[in-house]
$ cat run-v9.csv   # CSV, C-alpha atoms
chain,number,residue,atom,x,y,z
P,286,MET,CA,-88.5,-5.6,-56.0
P,287,ASP,CA,-87.0,-6.9,-52.7
P,288,SER,CA,-85.2,-9.7,-54.5
P,289,THR,CA,-83.5,-7.3,-57.0
P,290,SER,CA,-82.3,-5.1,-54.1
P,291,GLN,CA,-81.0,-8.1,-52.2
P,292,THR,CA,-79.1,-9.4,-55.3
P,293,SER,CA,-77.6,-5.9,-55.9
P,294,SER,CA,-76.4,-5.6,-52.3
P,295,LYS,CA,-74.8,-9.1,-52.4
P,296,SER,CA,-72.9,-8.2,-55.6
P,297,GLN,CA,-71.5,-5.0,-53.9
P,298,PRO,CA,-68.8,-5.2,-51.2
P,299,ILE,CA,-69.9,-4.7,-47.6
P,300,ALA,CA,-68.0,-1.4,-47.3
P,301,ALA,CA,-69.9,0.1,-50.2
P,302,VAL,CA,-73.2,-1.0,-48.8
P,303,LEU,CA,-72.4,0.5,-45.4
P,304,LEU,CA,-71.2,3.8,-47.0
P,305,SER,CA,-74.4,4.0,-49.1
P,306,ARG,CA,-76.5,3.9,-46.0
P,307,ALA,CA,-74.5,6.7,-44.3
P,308,PHE,CA,-73.8,9.0,-47.3
P,309,ASP,CA,-75.3,10.0,-50.6
P,310,PRO,CA,-74.2,7.9,-53.6
P,311,GLU,CA,-71.6,10.3,-55.0
P,312,GLU,CA,-70.0,10.8,-51.5
P,313,SER,CA,-70.0,7.1,-50.8
P,314,LYS,CA,-68.3,6.3,-54.1
P,315,ARG,CA,-65.6,9.0,-53.4
P,316,ILE,CA,-64.9,7.7,-49.9
P,317,LEU,CA,-64.8,4.1,-51.1
P,318,ALA,CA,-62.3,4.9,-53.9
P,319,GLU,CA,-60.0,7.1,-51.9
P,320,LYS,CA,-60.1,5.6,-48.4
P,321,ILE,CA,-60.6,1.9,-49.2
P,322,GLN,CA,-59.8,0.8,-52.7
P,323,GLN,CA,-56.8,3.1,-53.3
P,324,ARG,CA,-55.4,3.0,-49.7
P,325,PRO,CA,-51.7,1.7,-49.7
P,326,LEU,CA,-50.9,-1.3,-47.5
P,327,PHE,CA,-47.7,-1.1,-45.5
P,328,LEU,CA,-46.4,-4.5,-44.6
P,329,CYS,CA,-43.9,-3.4,-42.0
P,330,PRO,CA,-44.5,0.3,-41.3
P,331,SER,CA,-42.5,0.4,-38.0
P,332,SER,CA,-39.4,-1.7,-39.1
P,333,PRO,CA,-36.0,0.2,-39.7
P,334,PRO,CA,-34.6,0.4,-43.2
P,335,PRO,CA,-32.4,-2.4,-44.2
P,336,SER,CA,-28.8,-1.9,-43.0
P,337,ASP,CA,-25.7,-1.9,-45.2
P,338,ALA,CA,-23.9,-5.3,-45.2
P,339,ARG,CA,-20.5,-3.6,-45.0
P,340,ALA,CA,-21.5,-1.7,-41.9
P,341,ALA,CA,-22.8,-4.8,-40.3
P,342,ARG,CA,-19.5,-6.6,-41.0
P,343,ARG,CA,-17.6,-3.7,-39.6
P,344,ARG,CA,-19.6,-3.7,-36.4
P,345,GLU,CA,-19.1,-7.5,-36.0
P,346,ARG,CA,-15.3,-7.1,-36.4
P,347,GLU,CA,-15.2,-4.3,-33.8
P,348,LYS,CA,-17.2,-6.4,-31.4
P,349,LYS,CA,-14.8,-9.3,-31.8
P,350,ARG,CA,-11.8,-7.0,-31.4
P,351,LEU,CA,-13.1,-5.5,-28.1
P,352,SER,CA,-13.9,-9.0,-26.7
P,353,ARG,CA,-10.4,-10.2,-27.6
P,354,LYS,CA,-8.8,-7.2,-26.0
P,355,LYS,CA,-10.8,-7.8,-22.8
P,356,ALA,CA,-9.7,-11.4,-22.8
P,357,LEU,CA,-6.0,-10.5,-23.3
P,358,LYS,CA,-6.0,-7.9,-20.5
P,359,PRO,CA,-3.3,-8.8,-18.0
P,360,LYS,CA,-4.3,-10.0,-14.6
P,361,PRO,CA,-2.7,-8.6,-11.4
P,362,LEU,CA,0.3,-10.5,-10.1
P,363,SER,CA,-0.1,-12.8,-7.1
P,364,ALA,CA,2.0,-12.5,-4.0
P,365,ASN,CA,4.1,-15.5,-5.0
P,366,GLU,CA,4.7,-14.1,-8.5
P,367,ARG,CA,5.8,-10.8,-7.0
P,368,ARG,CA,8.2,-12.5,-4.7
P,369,LYS,CA,9.7,-14.6,-7.5
P,370,LEU,CA,10.2,-11.5,-9.6
P,371,ARG,CA,11.7,-9.7,-6.6
P,372,LEU,CA,9.8,-6.6,-7.2
P,373,TYR,CA,10.2,-5.3,-3.7
P,374,GLU,CA,13.8,-6.1,-3.2
P,375,VAL,CA,16.4,-3.3,-3.3
P,376,PRO,CA,19.3,-4.2,-5.6
P,377,GLY,CA,22.9,-4.1,-4.2
P,378,SER,CA,23.8,-0.9,-6.1
P,379,GLY,CA,20.9,0.9,-4.3
P,380,GLN,CA,21.8,-0.2,-0.8
P,381,LYS,CA,23.6,3.0,0.1
P,382,TYR,CA,22.9,5.1,3.1
P,383,ALA,CA,23.5,8.4,1.2
P,384,LEU,CA,20.7,7.5,-1.3
P,385,PHE,CA,18.1,7.4,1.5
P,386,GLU,CA,19.2,10.4,3.5
P,387,PRO,CA,16.8,12.7,1.5
P,388,LEU,CA,14.0,10.2,2.2
P,389,HIS,CA,14.9,10.5,5.9
P,390,GLN,CA,14.7,14.3,5.8
P,391,LEU,CA,11.3,14.1,4.1
P,392,TRP,CA,10.1,11.7,6.8
P,393,LEU,CA,11.2,14.1,9.6
P,394,GLY,CA,9.1,16.8,8.0
P,395,TYR,CA,6.2,14.4,7.6
P,396,ILE,CA,6.3,13.2,11.2
P,397,ARG,CA,6.6,16.8,12.6
P,398,GLU,CA,3.5,17.8,10.5
P,399,ILE,CA,1.6,14.8,11.9
P,400,LEU,CA,2.5,15.4,15.5
P,401,GLY,CA,2.0,19.2,15.5
P,402,ASN,CA,2.2,20.7,18.9
P,403,GLU,CA,2.2,17.3,20.6
P,404,ILE,CA,5.8,16.8,19.5
P,405,HIS,CA,6.6,19.0,22.6
P,406,THR,CA,4.2,17.4,25.1
P,407,GLY,CA,3.8,13.8,24.0
P,408,GLY,CA,1.1,11.8,25.7
P,409,GLU,CA,-1.7,9.6,24.4
P,410,GLY,CA,-2.5,11.9,21.5
P,411,ALA,CA,1.0,11.7,20.1
P,412,ALA,CA,1.1,7.9,20.7
P,413,SER,CA,-2.1,7.4,18.7
P,414,LYS,CA,-0.6,9.4,15.8
P,415,LEU,CA,2.7,7.6,15.9
P,416,THR,CA,1.0,4.2,15.7
P,417,SER,CA,-0.8,5.1,12.5
P,418,ALA,CA,2.2,6.8,10.9
P,419,ASP,CA,4.3,5.4,8.1
P,420,PHE,CA,7.9,4.6,9.0
P,421,HIS,CA,9.5,4.3,5.6
P,422,GLY,CA,12.4,6.7,5.9
P,423,ALA,CA,12.6,6.7,9.7
P,424,GLU,CA,16.0,6.2,11.3
P,425,VAL,CA,15.6,3.5,13.9
P,426,GLU,CA,17.9,1.9,16.4
P,427,VAL,CA,17.6,-1.4,18.1
P,428,VAL,CA,17.9,-0.9,21.9
P,429,ARG,CA,16.5,-4.2,23.2
P,430,SER,CA,16.2,-7.6,21.5
P,431,GLY,CA,15.9,-11.2,22.2
P,432,CYS,CA,19.0,-11.7,20.1
P,433,VAL,CA,21.9,-9.7,21.6
P,434,SER,CA,23.8,-9.4,18.3
P,435,ARG,CA,21.0,-7.2,17.0
P,436,VAL,CA,21.3,-4.5,19.7
P,437,GLY,CA,22.9,-1.4,18.3
P,438,ILE,CA,21.8,-1.8,14.7
P,439,ARG,CA,20.9,1.7,13.4
P,440,GLY,CA,19.7,2.7,10.0
P,441,ILE,CA,17.0,4.1,7.7
P,442,VAL,CA,13.9,2.0,7.2
P,443,ILE,CA,13.6,1.2,3.5
P,444,LYS,CA,10.9,-1.5,3.9
P,445,ASP,CA,8.2,-1.7,6.6
P,446,SER,CA,6.6,-5.2,6.3
P,447,ARG,CA,4.3,-6.9,8.7
P,448,PHE,CA,6.9,-8.8,10.8
P,449,THR,CA,10.2,-7.0,9.9
P,450,PHE,CA,12.0,-3.7,9.5
P,451,GLU,CA,14.5,-3.6,6.6
P,452,VAL,CA,17.1,-0.9,7.2
P,453,VAL,CA,20.2,0.4,5.5
P,454,THR,CA,23.0,1.3,7.9
P,455,LYS,CA,25.7,4.0,7.6
P,456,LYS,CA,28.1,1.2,6.5
P,457,ASN,CA,25.8,0.6,3.4
P,458,GLN,CA,24.7,-2.7,4.8
P,459,ARG,CA,21.1,-4.0,4.5
P,460,LYS,CA,19.8,-5.5,7.7
P,461,VAL,CA,16.5,-7.3,8.2
P,462,VAL,CA,15.4,-6.9,11.8
P,463,PRO,CA,12.3,-8.9,13.0
P,464,LYS,CA,9.8,-6.9,15.1
P,465,GLU,CA,9.1,-9.7,17.5
P,466,GLY,CA,11.0,-9.4,20.7
P,467,THR,CA,12.6,-6.1,19.6
P,468,VAL,CA,12.4,-2.5,20.9
P,469,PHE,CA,13.2,0.2,18.5
P,470,ARG,CA,14.2,3.8,19.4
P,471,ILE,CA,13.4,6.7,17.1
P,472,GLU,CA,14.6,10.3,17.5
P,473,VAL,CA,12.8,13.3,16.0
P,474,PRO,CA,14.5,16.7,16.2
P,475,LEU,CA,12.2,19.5,17.2
P,476,ALA,CA,13.5,21.7,14.4
P,477,THR,CA,15.8,21.4,11.4
P,478,ALA,CA,19.5,22.1,12.2
P,479,THR,CA,21.0,25.0,10.2
P,480,VAL,CA,24.7,25.7,9.9
P,481,THR,CA,25.8,29.0,8.5
P,482,THR,CA,28.4,28.7,5.7
P,483,THR,CA,30.5,31.3,3.9
P,484,THR,CA,31.1,31.3,0.2
P,485,GLU,CA,34.8,32.0,0.0
P,486,GLU,CA,37.8,30.6,-1.7
P,487,GLY,CA,39.1,27.4,-0.3
P,488,GLN,CA,35.6,26.3,0.8
P,489,GLY,CA,36.6,22.7,0.0
P,490,ASP,CA,39.1,22.7,2.8
P,491,ASP,CA,36.4,23.7,5.3
P,492,LYS,CA,34.1,20.8,4.5
P,493,PRO,CA,35.4,18.6,7.4
P,494,LEU,CA,34.9,21.5,9.8
P,495,GLN,CA,31.4,22.2,8.5
P,496,GLN,CA,30.5,18.5,9.0
P,497,GLN,CA,31.8,18.6,12.5
P,498,GLN,CA,29.9,21.8,13.3
P,499,GLN,CA,26.7,20.2,11.8
P,500,GLN,CA,27.2,17.0,13.9
P,501,GLN,CA,27.7,19.1,17.1
P,502,THR,CA,24.6,21.2,16.2
P,503,GLU,CA,22.5,18.0,15.7
P,504,ALA,CA,23.8,16.5,19.0
P,505,GLU,CA,22.9,19.7,21.0
P,506,GLN,CA,19.5,20.0,19.3
P,507,PRO,CA,16.4,19.1,21.5
P,508,LYS,CA,14.7,15.9,20.3
P,509,MET,CA,11.6,13.9,20.9
P,510,ILE,CA,12.7,10.3,21.6
P,511,PHE,CA,10.2,7.4,21.6
P,512,GLU,CA,10.5,3.7,21.6
P,513,VAL,CA,8.4,1.2,19.6
P,514,HIS,CA,7.8,-2.3,20.9
P,515,GLY,CA,7.9,-4.5,17.8
P,516,GLU,CA,5.5,-7.1,19.1
P,517,GLN,CA,2.8,-4.5,19.4
P,518,PHE,CA,3.6,-3.2,15.9
P,519,GLN,CA,3.2,-6.3,13.7
P,520,PHE,CA,1.1,-4.8,11.1
P,521,ARG,CA,1.7,-3.4,7.6
P,522,SER,CA,1.9,0.3,7.3
P,523,ALA,CA,-1.2,0.4,5.1
P,524,ASP,CA,-3.2,-1.6,7.7
P,525,ARG,CA,-2.0,0.6,10.6
P,526,ALA,CA,-3.3,3.8,9.0
P,527,ASN,CA,-6.9,2.6,9.5
P,528,LYS,CA,-6.5,0.6,12.7
P,529,LYS,CA,-7.4,1.9,16.1
P,530,PHE,CA,-5.1,0.8,18.8
P,531,ARG,CA,-6.4,0.3,22.3
P,532,SER,CA,-4.3,0.4,25.5
P,533,HIS,CA,-4.2,-3.0,27.2
P,534,PHE,CA,-1.9,-4.9,29.6
P,535,SER,CA,1.2,-6.4,28.1
P,536,LYS,CA,3.6,-8.8,29.8
P,537,ILE,CA,6.7,-7.4,28.1
P,538,LEU,CA,6.2,-3.8,29.3

$ encode --input "run-v9.csv" --output "C-alpha cells"
Amino acid sequence: MDSTSQTSSKSQPIAAVLLSRAFDPEESKRILAEKIQQRPLFLCPSSPPPSDARAARRREREKKRLSRKKALKPKPLSANERRKLRLYEVPGSGQKYALFEPLHQLWLGYIREILGNEIHTGGEGAASKLTSADFHGAEVEVVRSGCVSRVGIRGIVIKDSRFTFEVVTKKNQRKVVPKEGTVFRIEVPLATATVTTTTEEGQGDDKPLQQQQQQQTEAEQPKMIFEVHGEQFQFRSADRANKKFRSHFSKIL
C-alpha cells in the first residue's frame, strides 16, 4: 500500500502533491490548472516596446546635427585679431567734432547725475565718484605734460584706453594723448545753458548772433573744474568702475 502511494506521488509533479496536501482534490486540480499549468510566462515584462527604425535614424541625425552645430560655433576674437581687424578704430569720415557733440551733452548729464549735490561742494566724495566714472564723451584739455607740444590739446574723448585718451578736436583732428606725465582739465557746467530764440522771418541771418550769445552764456556760466593726473588714471574705464582708489603720497603732486 505504501509502495503504490509512493509511486503515484513520484509520477505527479511536486506542485500537485503539495496542493493535494493543502486542499481537497477538486480545488487542488483547479489551482494547478489555472495558476501553474496555464500561467503565461513573460520573458521581458519590464522592457519597452521595440522602437521604430525610422524614428531611431531621425534621432541619430538630429544628434549629429546638434554636435556639428556646436563644433562650428564661432569662438570670440582674441585681442590681436581685434587689432588686426581695426574694430575699435574710428574711420576718417567719422573723425568730426560735430558728430561727437551730442555724446558730450549726454556725458554732461551723466556726470551731473553721478555727482548730485557734490557738484557744488566737491571734496573727497566727488573725487571718489569721478575716479570711477566713464570719460567717453568728456571734453578734456591738456594743461601740463612732459611733452610741451601736447599742452593746449582740447577735444572730446572718443576712446578711453588704459594708457591713452583718444580725442577729436574742434579742427576735426584725432589726437592720441598718453596719460603718463599728463594732467587733464575737465569742465562741467552746473546747469545747461539756454538761449531764447524767436521764430521770425530772416532767422537764418541771426544764426551768427545766436551762436555768439550762446558762447557768451556758456562763458559766464558757473562751472566745476577738476584736473585729472594721468599717471594715477592708468586703468580702463571698465576696471575703474569696480576699483577703490586710496589716497596716498605721490611725488608728482

$ atom_distance --input "run-v9.csv" --atom1 "atom CA of P:Ser417" --atom2 "atom CA of P:Val513"
12.3 Å

$ atom_distance --input "run-v9.csv" --atom1 "atom CA of P:Leu393" --atom2 "atom CA of P:Lys460"
21.5 Å

$ closest_residue --input "run-v9.csv" --among "P:Val453, P:Ala338, P:Val436, P:Val425" --to "P:Gly377" --atoms "only C-alpha atoms"
P:Val453

$ residues_near_point --input "run-v9.csv" --point "(17.8, -9.8, 5.4)" --cutoff "10 Å" --atoms "only C-alpha atoms" --output "list in words"
Thr449, Phe450, Glu451, Val452, Gln458, Arg459, Lys460, Val461, Val462 and Pro463 of chain P

$ closest_residue --input "run-v9.csv" --among "P:Ile299, P:Leu475, P:Ile443, P:Leu304" --to "P:Gln380" --atoms "all atoms listed in the file"
P:Ile443

$ closest_residue --input "run-v9.csv" --among "P:His421, P:Lys369, P:Arg429, P:Arg435" --to "P:Ser522" --atoms "all atoms listed in the file"
P:His421

$ closest_residue --input "run-v9.csv" --among "P:Glu516, P:Gly422, P:Gln506, P:Gly437" --to "P:Glu465" --atoms "only C-alpha atoms"
P:Glu516
